[in-house]
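Accompanying notes for the structure given below.
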Amino acid sequence: MNTIDVLRHGHRAVQDSLYGLPESAWTTPGACGVWSVKDILAHLASFELLLADVIRSVLRESPTPVLSSYLADPEQFNVTEVTRRREMPPHEVWVEYESAYRSTLTLVTQVPIRVRRLNGMLPWYGAATDLEDFIVYSIYGHKREHAAQIAAYRGQWSQVAWRWDGVTP
């Protein structure tokens with residue numbers, strides 16, 4: 001597996017899902033339950049920051065406050081992180097997400113491939129898993145899931161906007 005390619009493909013899925021979405025649609029709830037597109041992106045930004053801390057933990061760097069917060073209470077982590085970004089404008093959430101993504105790309109290159117593939121490096125995630133597994137399942141798969149939700153929402157938004165234009169199918 002090429003970890004860098006996996007990270008890039010996940011990021012590209014998020015970018016593609018946002019293409020053509022009007023800015024006014026970013027803050028309207030309903031893209032994923034009560035979450036808006038901006039909330040989803042806030043959630044993904046928090047997971048990018050989590051991944052950066054996970055990589056730092058593999059590199060034996062500290063502190064890792066985002067990872068500590070996640071491990072303390074994964075459910076509350078989501079609520080806290082999305083709420084913390086609630087007042088930020090959409091473009092600032094995007095900048096934070098993009099910056100965190102760039103940071104993870106830089107950090108992961110510091111982890112030798114053999115270390116990325118060592119089982120047990122993330123004991124809290126599972127003894128038989130490695131950093132690459134975490135990246136594929138918890139980051140790439142997670143981004144693909146939310147990108148699909150955003151794309152579906154974008155399609156619904158386009159249909160609503162189309163009807164608002166007074167055009168009938």
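All residue names refer to the structure tokens as shown: chains lettered A, B, ... in order, residues numbered from 1 in each chain, ligands numbered from 1 in order.
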| request: Please provide the set of residues having any atom within 10 Å of range 140-151 of chain A, restricted to only C-alpha atoms, with same-chain residues fewer than 3 positions apart removed, written as a PyMOL selection string. | output: chain A and resi 6-21+26+30-33+36-38+40-41+43-44+47+133-137+154-157
Store the residues of this selection in a file with N, CA and C atoms, as an mmCIF file, in the first residue's frame.
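That gives us again-v8.cif:
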```cif
data_model
loop_
_atom_site.group_PDB
_atom_site.id
_atom_site.type_symbol
_atom_site.label_atom_id
_atom_site.label_comp_id
_atom_site.auth_asym_id
_atom_site.auth_seq_id
_atom_site.Cartn_x
_atom_site.Cartn_y
_atom_site.Cartn_z
ATOM 1 N N VAL A 6 -2.985 6.912 -0.521
ATOM 2 C CA VAL A 6 -4.251 6.712 0.194
ATOM 3 C C VAL A 6 -4.706 8.033 0.814
ATOM 4 N N LEU A 7 -3.779 8.740 1.442
ATOM 5 C CA LEU A 7 -4.131 10.037 2.033
ATOM 6 C C LEU A 7 -4.574 11.032 0.955
ATOM 7 N N ARG A 8 -3.876 11.050 -0.157
ATOM 8 C CA ARG A 8 -4.234 11.967 -1.250
ATOM 9 C C ARG A 8 -5.595 11.635 -1.844
ATOM 10 N N HIS A 9 -5.882 10.352 -2.027
ATOM 11 C CA HIS A 9 -7.184 9.962 -2.593
ATOM 12 C C HIS A 9 -8.335 10.335 -1.652
ATOM 13 N N GLY A 10 -8.127 10.168 -0.362
ATOM 14 C CA GLY A 10 -9.163 10.566 0.600
ATOM 15 C C GLY A 10 -9.403 12.064 0.568
ATOM 16 N N HIS A 11 -8.312 12.815 0.509
ATOM 17 C CA HIS A 11 -8.426 14.274 0.454
ATOM 18 C C HIS A 11 -9.121 14.708 -0.836
ATOM 19 N N ARG A 12 -8.761 14.064 -1.925
ATOM 20 C CA ARG A 12 -9.370 14.398 -3.226
ATOM 21 C C ARG A 12 -10.876 14.113 -3.216
ATOM 22 N N ALA A 13 -11.285 13.053 -2.537
ATOM 23 C CA ALA A 13 -12.718 12.735 -2.437
ATOM 24 C C ALA A 13 -13.460 13.867 -1.728
ATOM 25 N N VAL A 14 -12.859 14.403 -0.674
ATOM 26 C CA VAL A 14 -13.485 15.524 0.045
ATOM 27 C C VAL A 14 -13.541 16.743 -0.867
ATOM 28 N N GLN A 15 -12.434 17.061 -1.514
ATOM 29 C CA GLN A 15 -12.408 18.206 -2.432
ATOM 30 C C GLN A 15 -13.477 18.070 -3.513
ATOM 31 N N ASP A 16 -13.528 16.911 -4.138
ATOM 32 C CA ASP A 16 -14.488 16.686 -5.229
ATOM 33 C C ASP A 16 -15.933 16.816 -4.753
ATOM 34 N N SER A 17 -16.197 16.368 -3.526
ATOM 35 C CA SER A 17 -17.569 16.427 -3.016
ATOM 36 C C SER A 17 -18.031 17.868 -2.812
ATOM 37 N N LEU A 18 -17.092 18.755 -2.577
ATOM 38 C CA LEU A 18 -17.417 20.155 -2.316
ATOM 39 C C LEU A 18 -17.530 20.986 -3.591
ATOM 40 N N TYR A 19 -17.038 20.440 -4.684
ATOM 41 C CA TYR A 19 -17.010 21.196 -5.936
ATOM 42 C C TYR A 19 -18.426 21.613 -6.354
ATOM 43 N N GLY A 20 -18.602 22.890 -6.573
ATOM 44 C CA GLY A 20 -19.881 23.402 -7.046
ATOM 45 C C GLY A 20 -20.916 23.642 -5.960
ATOM 46 N N LEU A 21 -20.569 23.358 -4.718
ATOM 47 C CA LEU A 21 -21.525 23.582 -3.622
ATOM 48 C C LEU A 21 -21.546 25.071 -3.306
ATOM 49 N N TRP A 26 -23.272 25.549 2.702
ATOM 50 C CA TRP A 26 -22.313 24.999 3.652
ATOM 51 C C TRP A 26 -22.826 24.972 5.079
ATOM 52 N N GLY A 30 -28.448 19.208 7.596
ATOM 53 C CA GLY A 30 -29.065 18.157 6.808
ATOM 54 C C GLY A 30 -28.129 17.377 5.914
ATOM 55 N N ALA A 31 -26.854 17.739 5.894
ATOM 56 C CA ALA A 31 -25.912 17.000 5.053
ATOM 57 C C ALA A 31 -25.611 15.624 5.645
ATOM 58 N N CYS A 32 -25.614 15.551 6.970
ATOM 59 C CA CYS A 32 -25.387 14.292 7.694
ATOM 60 C C CYS A 32 -26.147 14.430 9.007
ATOM 61 N N GLY A 33 -27.403 14.010 9.006
ATOM 62 C CA GLY A 33 -28.242 14.217 10.176
ATOM 63 C C GLY A 33 -28.459 15.704 10.375
ATOM 64 N N SER A 36 -24.306 20.225 9.143
ATOM 65 C CA SER A 36 -24.155 20.908 7.858
ATOM 66 C C SER A 36 -22.862 20.417 7.203
ATOM 67 N N VAL A 37 -22.634 20.837 5.984
ATOM 68 C CA VAL A 37 -21.371 20.516 5.306
ATOM 69 C C VAL A 37 -20.210 21.077 6.119
ATOM 70 N N LYS A 38 -20.363 22.284 6.634
ATOM 71 C CA LYS A 38 -19.301 22.880 7.455
ATOM 72 C C LYS A 38 -19.043 22.021 8.696
ATOM 73 N N ILE A 40 -19.515 18.769 8.947
ATOM 74 C CA ILE A 40 -18.802 17.573 8.487
ATOM 75 C C ILE A 40 -17.326 17.903 8.300
ATOM 76 N N LEU A 41 -17.061 19.033 7.677
ATOM 77 C CA LEU A 41 -15.675 19.431 7.453
ATOM 78 C C LEU A 41 -14.962 19.702 8.785
ATOM 79 N N HIS A 43 -15.622 18.168 11.546
ATOM 80 C CA HIS A 43 -15.403 16.806 12.033
ATOM 81 C C HIS A 43 -14.183 16.184 11.352
ATOM 82 N N LEU A 44 -14.097 16.334 10.032
ATOM 83 C CA LEU A 44 -12.952 15.784 9.303
ATOM 84 C C LEU A 44 -11.656 16.500 9.683
ATOM 85 N N PHE A 47 -10.380 15.002 12.761
ATOM 86 C CA PHE A 47 -9.764 13.695 12.517
ATOM 87 C C PHE A 47 -8.411 13.828 11.830
ATOM 88 N N ASP A 133 -3.306 0.513 8.607
ATOM 89 C CA ASP A 133 -4.696 0.093 8.812
ATOM 90 C C ASP A 133 -5.533 1.258 9.338
ATOM 91 N N PHE A 134 -4.998 1.964 10.320
ATOM 92 C CA PHE A 134 -5.709 3.102 10.889
ATOM 93 C C PHE A 134 -5.989 4.151 9.810
ATOM 94 N N ILE A 135 -4.995 4.421 8.989
ATOM 95 C CA ILE A 135 -5.162 5.415 7.930
ATOM 96 C C ILE A 135 -6.226 4.982 6.931
ATOM 97 N N VAL A 136 -6.210 3.723 6.542
ATOM 98 C CA VAL A 136 -7.194 3.243 5.565
ATOM 99 C C VAL A 136 -8.598 3.244 6.145
ATOM 100 N N TYR A 137 -8.771 2.686 7.322
ATOM 101 C CA TYR A 137 -10.118 2.506 7.865
ATOM 102 C C TYR A 137 -10.666 3.761 8.548
ATOM 103 N N ARG A 154 -25.145 17.810 -1.935
ATOM 104 C CA ARG A 154 -24.929 18.777 -3.014
ATOM 105 C C ARG A 154 -25.926 18.542 -4.137
ATOM 106 N N GLY A 155 -26.186 17.288 -4.469
ATOM 107 C CA GLY A 155 -27.176 16.956 -5.488
ATOM 108 C C GLY A 155 -28.569 17.398 -5.099
ATOM 109 N N GLN A 156 -28.927 17.197 -3.838
ATOM 110 C CA GLN A 156 -30.240 17.650 -3.357
ATOM 111 C C GLN A 156 -30.320 19.169 -3.399
ATOM 112 N N TRP A 157 -29.231 19.844 -3.006
ATOM 113 C CA TRP A 157 -29.206 21.301 -3.003
ATOM 114 C C TRP A 157 -29.373 21.827 -4.426
#
```
| Can you tell me, as a ChimeraX atom specification, what residues are no more than 10 Å from range 117-127 of chain A when counting only C-alpha atoms, ignoring any on the same chain fewer than 4 positions away? | /A:1,54-55,57-58,71,111-113,131-134,138
| field | Which residue of A:Val95, A:Leu107, A:Ala45, A:Val66 approaches Val82 in chain A most closely, using only C-alpha atoms | value | A:Ala45
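Distances here use only C-alpha atoms; by that measure, the residue among A:Ala100, A:Leu67, A:Val93, A:Ala52 closest to Thr27 in chain A is A:Val93.
Among the residues of range 8-46 of chain A, backbone DSSP assigns helix (DSSP H, G or I) to A:Arg8, A:His9, A:Gly10, A:His11, A:Arg12, A:Ala13, A:Val14, A:Gln15, A:Asp16, A:Ser17, A:Leu18, A:Glu23, A:Ser24, A:Ala25, A:Val37, A:Lys38, A:Asp39, A:Ile40, A:Leu41, A:Ala42, A:His43, A:Leu44, A:Ala45, A:Ser46.
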| request: Find the distance between CA of Arg102 in chain A and CA of Leu51 in chain A and write it in Å to one decimal. | output: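 Going from CA of Arg102 in chain A over to CA of Leu51 in chain A, I get 11.4 Å.
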